[in-house]
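First up is the structure itself, then whatever we jot down about it.
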Amino acid sequence: MAPALNVLLVCVITTFAILTVVVKDLIYAMLFFALMSVSIGGFYFVLKAPYVAVFQLLIYAGAVVVLLLVTVMLTTKEVSGETS
Amino acid sequence: MVFWGVVAGVELLIFPGLFFIFWLALFYQWADRKFHAKLQTRYGPLHIGAKGLYQPFADFVKLLGKEDIVPKAADRFLFTLAPIMLLVLPFTAMFLVPTVPIHSNVAFAAFEGDIVVMIFILTMIAALKFLAAWGSTNRFSTVGGVRLILQLIGYEIPLAVVLLSAGMITSSLSISTIAQRMDAEPLKAIFLVPGLSIAIICFLAELEKVPFDIPGAEQEIVAGWQTEFSGRRLAFLRLSSDIELVLASTLIAAVFLGGPYGPTLSYIPIEFSYFIWFFIKAFVVLLVISYMRTIFARFRIDQMIQFAWRYLMVTSILQVMLIQGVLAAGWV
């Protein structure tokens, strides 16, 4: 039971990590990074380290993602039908 | 075994669970609108149900039936993901807060460390609103989303600090345990009064209520980050903001005021006493939030940022120093 779950989580984490690096759109990269951090938090939880898990969620999936959002917000995006 | 499974199912779906939270959210919206209207000497919702009690539900059903438009330029995936996740996250967070615990005396999904997960969910809600804004590819939405993030980095840190300072004085990181210890030793709650006021201010910003409704300022940017949403998606967003209101009042009541725990009489069932205390405390917090949004006018963006970093931040750190001092002196 537990090894199968571990392997599954590792696969999920690896997929999200690769997607984070590969996708072109910044906002999607950030989204996949957040999902990867949440999965790592789940992995810690499965490994019976709940405090590491919750702080992983708070720092990486919470604070770091917000900082990345602030960075993305400073970039510009093409608005529909217009060339700014 | 089967019996407790059924009890857990009922708890999850009906009583302190989804059904109850849904109706409580609509009731809170009604109470908020009615109180807001009374303070402005208006009537507020009036026609549907007794004193307009079913008006929020009628609005919800009406929006569900309206046409759901996705702009051609919008990012379809983000535009669909955001309303669904914005509905799921506050619902999830509600299971971490003790509302009316039935067969155990803690919240449905309580575990040690859930207040940290709560802070994470509150951050994620704001981040998802930004994704919704970015996904709609509209100028008003994008400006609203940018303002939202600017506001988020202002209020997020003081909020996390005061919530964790409540954890420090009760030496627990579980919301249910914090609430129980607050009830057992009310002296601890008295030292947290500055924290309580900071938390209410931060939740006004989180809920985009009036002094901090910069992300949705309708005189400037239509409806802010939710400008492009219509139909079902808008209904979900409205419901999500109502559940956030319930979450805010319940969380403040649980962390700073002892939540559903309180003095009880021996001849009434304990669940009933939980319900009464939960209802009174959370409702008082709701009325305070409603009152604050009536008496203030909107801050400018720079005023909000200055206020958050110059005063909220410093006060929250002082709150932590007060708690540490009290703990070191052995007063609690």
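We name chains A, B, ... following the order of the structure tokens; residues begin at 1 in each chain, and ligands are numbered from 1 as shown.
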
>> I'd like the contact shell of Ser241 (chain B) - 9 Å cut-off, only C-alpha atoms, skipping same-chain residues fewer than 6 positions apart - returned as a PyMOL selection string.
In response: chain B and resi 25+86-87+90+207

> If we count only C-alpha atoms, which residues of chain A reach to within 7 Å of chain B? Please list them as an NGL selection string.
Replying inline: :A and (51 or 54 or 57-58 or 62 or 66 or 70 or 73 or 79-80)

Tell me, which residues of region 168-321 of chain B carry DSSP alpha helix (DSSP H), written as a compact mmCIF listing (two decimals) with N, CA and C atoms, in the first residue's frame?
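Once written, part14.txt looks like this:
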```
# COMPACT_ATOMS: atom_id res chain seq x y z
N MET B 168 1.07 30.38 19.76
CA MET B 168 2.18 30.43 20.72
C MET B 168 1.66 30.42 22.16
N ILE B 169 0.64 31.25 22.42
CA ILE B 169 0.22 31.40 23.82
C ILE B 169 -0.49 30.14 24.30
N THR B 170 -1.11 29.38 23.37
CA THR B 170 -1.78 28.15 23.79
C THR B 170 -0.92 26.92 23.55
N ILE B 175 -6.36 24.41 15.34
CA ILE B 175 -7.37 25.43 15.62
C ILE B 175 -8.31 24.97 16.73
N SER B 176 -8.70 23.69 16.70
CA SER B 176 -9.63 23.19 17.71
C SER B 176 -9.02 23.25 19.10
N THR B 177 -7.74 22.83 19.20
CA THR B 177 -7.07 22.86 20.51
C THR B 177 -6.91 24.29 21.00
N ILE B 178 -6.56 25.21 20.08
CA ILE B 178 -6.43 26.62 20.46
C ILE B 178 -7.75 27.11 21.06
N ALA B 179 -8.87 26.78 20.36
CA ALA B 179 -10.18 27.23 20.83
C ALA B 179 -10.50 26.65 22.20
N GLN B 180 -10.19 25.36 22.39
CA GLN B 180 -10.49 24.74 23.69
C GLN B 180 -9.68 25.39 24.81
N ARG B 181 -8.39 25.66 24.54
CA ARG B 181 -7.56 26.24 25.61
C ARG B 181 -7.93 27.70 25.88
N MET B 182 -8.38 28.42 24.84
CA MET B 182 -8.88 29.78 25.04
C MET B 182 -10.08 29.76 25.98
N ASP B 183 -10.94 28.76 25.78
CA ASP B 183 -12.13 28.66 26.62
C ASP B 183 -11.75 28.28 28.05
N ALA B 184 -10.75 27.37 28.19
CA ALA B 184 -10.37 26.92 29.53
C ALA B 184 -9.70 28.05 30.31
N PRO B 186 -9.53 31.97 29.93
CA PRO B 186 -9.90 33.19 29.18
C PRO B 186 -8.87 34.31 29.30
N LEU B 187 -7.97 34.22 30.29
CA LEU B 187 -6.93 35.24 30.44
C LEU B 187 -6.07 35.31 29.19
N LYS B 188 -5.86 34.14 28.55
CA LYS B 188 -5.05 34.09 27.33
C LYS B 188 -5.70 34.92 26.22
N ALA B 189 -7.02 34.88 26.17
CA ALA B 189 -7.72 35.63 25.11
C ALA B 189 -7.56 37.12 25.32
N ILE B 190 -7.44 37.56 26.60
CA ILE B 190 -7.32 38.99 26.87
C ILE B 190 -6.00 39.53 26.32
N PHE B 191 -4.92 38.74 26.43
CA PHE B 191 -3.64 39.19 25.89
C PHE B 191 -3.64 39.21 24.37
N VAL B 193 -6.10 40.54 22.47
CA VAL B 193 -7.02 41.54 21.93
C VAL B 193 -6.42 42.34 20.76
N PRO B 194 -5.11 42.81 20.86
CA PRO B 194 -4.54 43.47 19.68
C PRO B 194 -4.55 42.54 18.47
N GLY B 195 -4.24 41.27 18.70
CA GLY B 195 -4.24 40.30 17.60
C GLY B 195 -5.60 40.16 16.98
N LEU B 196 -6.63 40.18 17.83
CA LEU B 196 -8.01 40.07 17.32
C LEU B 196 -8.33 41.22 16.39
N SER B 197 -7.93 42.46 16.81
CA SER B 197 -8.27 43.59 15.93
C SER B 197 -7.47 43.53 14.64
N ILE B 198 -6.20 43.11 14.71
CA ILE B 198 -5.40 42.98 13.49
C ILE B 198 -6.03 41.94 12.56
N ALA B 199 -6.48 40.82 13.16
CA ALA B 199 -7.06 39.76 12.33
C ALA B 199 -8.32 40.25 11.63
N ILE B 200 -9.15 41.05 12.35
CA ILE B 200 -10.37 41.54 11.71
C ILE B 200 -10.01 42.47 10.55
N ILE B 201 -9.01 43.35 10.76
CA ILE B 201 -8.60 44.26 9.68
C ILE B 201 -8.07 43.47 8.48
N CYS B 202 -7.24 42.44 8.77
CA CYS B 202 -6.67 41.65 7.67
C CYS B 202 -7.76 40.90 6.92
N PHE B 203 -8.77 40.41 7.66
CA PHE B 203 -9.84 39.70 6.96
C PHE B 203 -10.72 40.64 6.15
N LEU B 204 -10.82 41.92 6.59
CA LEU B 204 -11.51 42.90 5.74
C LEU B 204 -10.80 43.01 4.40
N ALA B 205 -9.45 42.97 4.45
CA ALA B 205 -8.69 43.04 3.20
C ALA B 205 -8.82 41.75 2.40
N GLU B 206 -8.81 40.62 3.09
CA GLU B 206 -8.94 39.33 2.42
C GLU B 206 -10.30 39.21 1.71
N GLU B 218 -15.54 49.67 -7.96
CA GLU B 218 -16.39 49.72 -9.15
C GLU B 218 -16.37 51.07 -9.85
N GLN B 219 -15.97 52.15 -9.14
CA GLN B 219 -15.90 53.44 -9.84
C GLN B 219 -14.71 53.49 -10.77
N GLU B 220 -13.73 52.64 -10.56
CA GLU B 220 -12.51 52.72 -11.35
C GLU B 220 -12.39 51.59 -12.36
N ILE B 221 -12.62 50.34 -11.89
CA ILE B 221 -12.32 49.20 -12.76
C ILE B 221 -13.49 48.23 -12.82
N GLY B 231 -23.02 34.26 -15.47
CA GLY B 231 -23.74 32.99 -15.37
C GLY B 231 -23.28 32.12 -14.22
N ARG B 232 -23.10 30.82 -14.53
CA ARG B 232 -22.73 29.85 -13.50
C ARG B 232 -21.44 30.22 -12.79
N ARG B 233 -20.46 30.67 -13.59
CA ARG B 233 -19.15 30.97 -12.98
C ARG B 233 -19.29 32.11 -11.97
N LEU B 234 -20.09 33.13 -12.31
CA LEU B 234 -20.28 34.25 -11.38
C LEU B 234 -21.05 33.78 -10.14
N ALA B 235 -22.02 32.86 -10.35
CA ALA B 235 -22.75 32.32 -9.19
C ALA B 235 -21.78 31.63 -8.24
N PHE B 236 -20.86 30.86 -8.81
CA PHE B 236 -19.86 30.18 -7.98
C PHE B 236 -18.98 31.19 -7.25
N LEU B 237 -18.58 32.25 -7.95
CA LEU B 237 -17.71 33.24 -7.30
C LEU B 237 -18.43 33.94 -6.16
N ARG B 238 -19.73 34.26 -6.39
CA ARG B 238 -20.51 34.92 -5.33
C ARG B 238 -20.63 34.02 -4.11
N LEU B 239 -20.96 32.73 -4.37
CA LEU B 239 -21.10 31.78 -3.27
C LEU B 239 -19.77 31.63 -2.55
N SER B 240 -18.69 31.60 -3.34
CA SER B 240 -17.37 31.44 -2.73
C SER B 240 -17.06 32.62 -1.81
N SER B 241 -17.45 33.85 -2.22
CA SER B 241 -17.14 34.98 -1.34
C SER B 241 -18.01 34.94 -0.08
N ASP B 242 -19.24 34.39 -0.21
CA ASP B 242 -20.07 34.24 1.00
C ASP B 242 -19.46 33.23 1.95
N ILE B 243 -18.96 32.10 1.39
CA ILE B 243 -18.36 31.10 2.27
C ILE B 243 -17.10 31.65 2.91
N GLU B 244 -16.38 32.49 2.16
CA GLU B 244 -15.21 33.14 2.75
C GLU B 244 -15.60 34.01 3.95
N LEU B 245 -16.76 34.67 3.83
CA LEU B 245 -17.25 35.49 4.94
C LEU B 245 -17.53 34.61 6.16
N VAL B 246 -18.18 33.46 5.92
CA VAL B 246 -18.44 32.51 7.01
C VAL B 246 -17.11 32.04 7.59
N LEU B 247 -16.17 31.72 6.70
CA LEU B 247 -14.86 31.22 7.14
C LEU B 247 -14.17 32.25 8.01
N ALA B 248 -14.20 33.52 7.57
CA ALA B 248 -13.53 34.57 8.33
C ALA B 248 -14.13 34.70 9.71
N SER B 249 -15.48 34.77 9.80
CA SER B 249 -16.07 34.96 11.13
C SER B 249 -15.86 33.74 12.01
N THR B 250 -15.97 32.54 11.42
CA THR B 250 -15.79 31.33 12.22
C THR B 250 -14.35 31.20 12.70
N LEU B 251 -13.41 31.52 11.80
CA LEU B 251 -11.99 31.36 12.17
C LEU B 251 -11.61 32.35 13.26
N ILE B 252 -12.04 33.62 13.12
CA ILE B 252 -11.74 34.61 14.16
C ILE B 252 -12.37 34.19 15.48
N ALA B 253 -13.64 33.72 15.40
CA ALA B 253 -14.32 33.28 16.62
C ALA B 253 -13.58 32.11 17.26
N ALA B 254 -13.07 31.19 16.43
CA ALA B 254 -12.42 30.00 16.99
C ALA B 254 -11.06 30.34 17.57
N VAL B 255 -10.26 31.14 16.85
CA VAL B 255 -8.88 31.34 17.28
C VAL B 255 -8.80 32.34 18.44
N PHE B 256 -9.62 33.40 18.41
CA PHE B 256 -9.47 34.44 19.43
C PHE B 256 -10.56 34.43 20.49
N LEU B 257 -11.71 33.81 20.21
CA LEU B 257 -12.81 33.91 21.15
C LEU B 257 -13.27 32.56 21.70
N ILE B 270 -24.62 18.76 24.92
CA ILE B 270 -23.41 19.55 24.67
C ILE B 270 -23.39 20.09 23.24
N GLU B 271 -23.96 19.31 22.28
CA GLU B 271 -23.96 19.76 20.89
C GLU B 271 -24.78 21.05 20.75
N PHE B 272 -25.87 21.11 21.49
CA PHE B 272 -26.73 22.29 21.42
C PHE B 272 -25.98 23.50 21.94
N SER B 273 -25.23 23.31 23.04
CA SER B 273 -24.44 24.41 23.59
C SER B 273 -23.36 24.85 22.61
N TYR B 274 -22.72 23.86 21.92
CA TYR B 274 -21.75 24.21 20.87
C TYR B 274 -22.40 25.09 19.82
N PHE B 275 -23.61 24.67 19.40
CA PHE B 275 -24.29 25.39 18.33
C PHE B 275 -24.58 26.83 18.76
N ILE B 276 -25.08 27.00 20.00
CA ILE B 276 -25.43 28.34 20.48
C ILE B 276 -24.19 29.22 20.55
N TRP B 277 -23.11 28.70 21.16
CA TRP B 277 -21.90 29.52 21.31
C TRP B 277 -21.30 29.86 19.96
N PHE B 278 -21.25 28.83 19.07
CA PHE B 278 -20.70 29.07 17.73
C PHE B 278 -21.49 30.16 17.04
N PHE B 279 -22.83 30.05 17.11
CA PHE B 279 -23.68 30.99 16.40
C PHE B 279 -23.49 32.40 16.95
N ILE B 280 -23.49 32.54 18.28
CA ILE B 280 -23.36 33.87 18.88
C ILE B 280 -22.02 34.50 18.51
N LYS B 281 -20.93 33.75 18.75
CA LYS B 281 -19.59 34.36 18.56
C LYS B 281 -19.35 34.70 17.10
N ALA B 282 -19.64 33.74 16.19
CA ALA B 282 -19.37 34.00 14.77
C ALA B 282 -20.25 35.13 14.27
N PHE B 283 -21.48 35.21 14.78
CA PHE B 283 -22.39 36.25 14.31
C PHE B 283 -21.93 37.63 14.77
N VAL B 284 -21.42 37.70 16.00
CA VAL B 284 -20.90 38.98 16.48
C VAL B 284 -19.74 39.45 15.60
N VAL B 285 -18.85 38.51 15.25
CA VAL B 285 -17.72 38.87 14.38
C VAL B 285 -18.24 39.35 13.03
N LEU B 286 -19.26 38.65 12.50
CA LEU B 286 -19.85 39.07 11.22
C LEU B 286 -20.39 40.49 11.30
N LEU B 287 -21.10 40.80 12.42
CA LEU B 287 -21.66 42.14 12.55
C LEU B 287 -20.57 43.19 12.63
N VAL B 288 -19.45 42.84 13.32
CA VAL B 288 -18.33 43.80 13.39
C VAL B 288 -17.78 44.06 11.99
N ILE B 289 -17.58 42.98 11.21
CA ILE B 289 -17.07 43.15 9.84
C ILE B 289 -18.04 44.01 9.03
N SER B 290 -19.33 43.73 9.17
CA SER B 290 -20.36 44.47 8.43
C SER B 290 -20.36 45.95 8.83
N TYR B 291 -20.19 46.19 10.13
CA TYR B 291 -20.17 47.57 10.64
C TYR B 291 -18.97 48.32 10.09
N MET B 292 -17.79 47.67 10.12
CA MET B 292 -16.57 48.31 9.62
C MET B 292 -16.73 48.68 8.16
N ARG B 293 -17.36 47.80 7.36
CA ARG B 293 -17.45 48.10 5.94
C ARG B 293 -18.46 49.21 5.67
N THR B 294 -19.33 49.48 6.65
CA THR B 294 -20.26 50.58 6.47
C THR B 294 -19.64 51.91 6.81
N ILE B 295 -18.84 51.96 7.89
CA ILE B 295 -18.41 53.28 8.38
C ILE B 295 -17.20 53.82 7.66
N ILE B 301 -4.52 53.13 -2.98
CA ILE B 301 -3.62 51.97 -2.97
C ILE B 301 -2.41 52.24 -2.08
N ASP B 302 -1.80 53.43 -2.27
CA ASP B 302 -0.58 53.71 -1.50
C ASP B 302 -0.88 53.81 -0.01
N GLN B 303 -2.07 54.35 0.33
CA GLN B 303 -2.45 54.41 1.76
C GLN B 303 -2.55 53.01 2.35
N MET B 304 -3.17 52.10 1.56
CA MET B 304 -3.35 50.74 2.06
C MET B 304 -2.00 50.07 2.30
N ILE B 305 -1.09 50.20 1.31
CA ILE B 305 0.21 49.54 1.44
C ILE B 305 0.98 50.13 2.63
N GLN B 306 0.95 51.47 2.74
CA GLN B 306 1.65 52.10 3.86
C GLN B 306 1.08 51.65 5.19
N PHE B 307 -0.26 51.63 5.26
CA PHE B 307 -0.91 51.22 6.50
C PHE B 307 -0.52 49.80 6.86
N MET B 313 1.93 45.54 10.33
CA MET B 313 3.12 44.69 10.47
C MET B 313 3.77 44.88 11.84
N VAL B 314 4.00 46.18 12.20
CA VAL B 314 4.68 46.49 13.45
C VAL B 314 3.84 46.04 14.64
N THR B 315 2.51 46.29 14.56
CA THR B 315 1.65 45.90 15.68
C THR B 315 1.63 44.39 15.85
N SER B 316 1.65 43.66 14.73
CA SER B 316 1.61 42.20 14.86
C SER B 316 2.90 41.69 15.49
N ILE B 317 4.04 42.31 15.14
CA ILE B 317 5.30 41.90 15.78
C ILE B 317 5.26 42.24 17.27
N LEU B 318 4.70 43.43 17.61
CA LEU B 318 4.58 43.80 19.03
C LEU B 318 3.69 42.81 19.77
N GLN B 319 2.65 42.32 19.08
CA GLN B 319 1.77 41.32 19.69
C GLN B 319 2.57 40.06 20.04
N VAL B 320 3.44 39.62 19.11
CA VAL B 320 4.25 38.45 19.39
C VAL B 320 5.18 38.71 20.57
N MET B 321 5.76 39.95 20.64
CA MET B 321 6.65 40.26 21.76
C MET B 321 5.88 40.26 23.07
```

>> I want to know what sits within 10 Å of Leu26 (chain A), based on only C-alpha atoms, with residues of the same chain fewer than 5 positions away left out; could you give that as a list in words?
In response: Thr20, Val21, Leu31, Phe32, Leu68, Leu69, Thr71, Val72 and Thr75 of chain A

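In this structure, CA of Gly154 (chain B) sits 22.9 Å away from CA of Phe33 (chain A).
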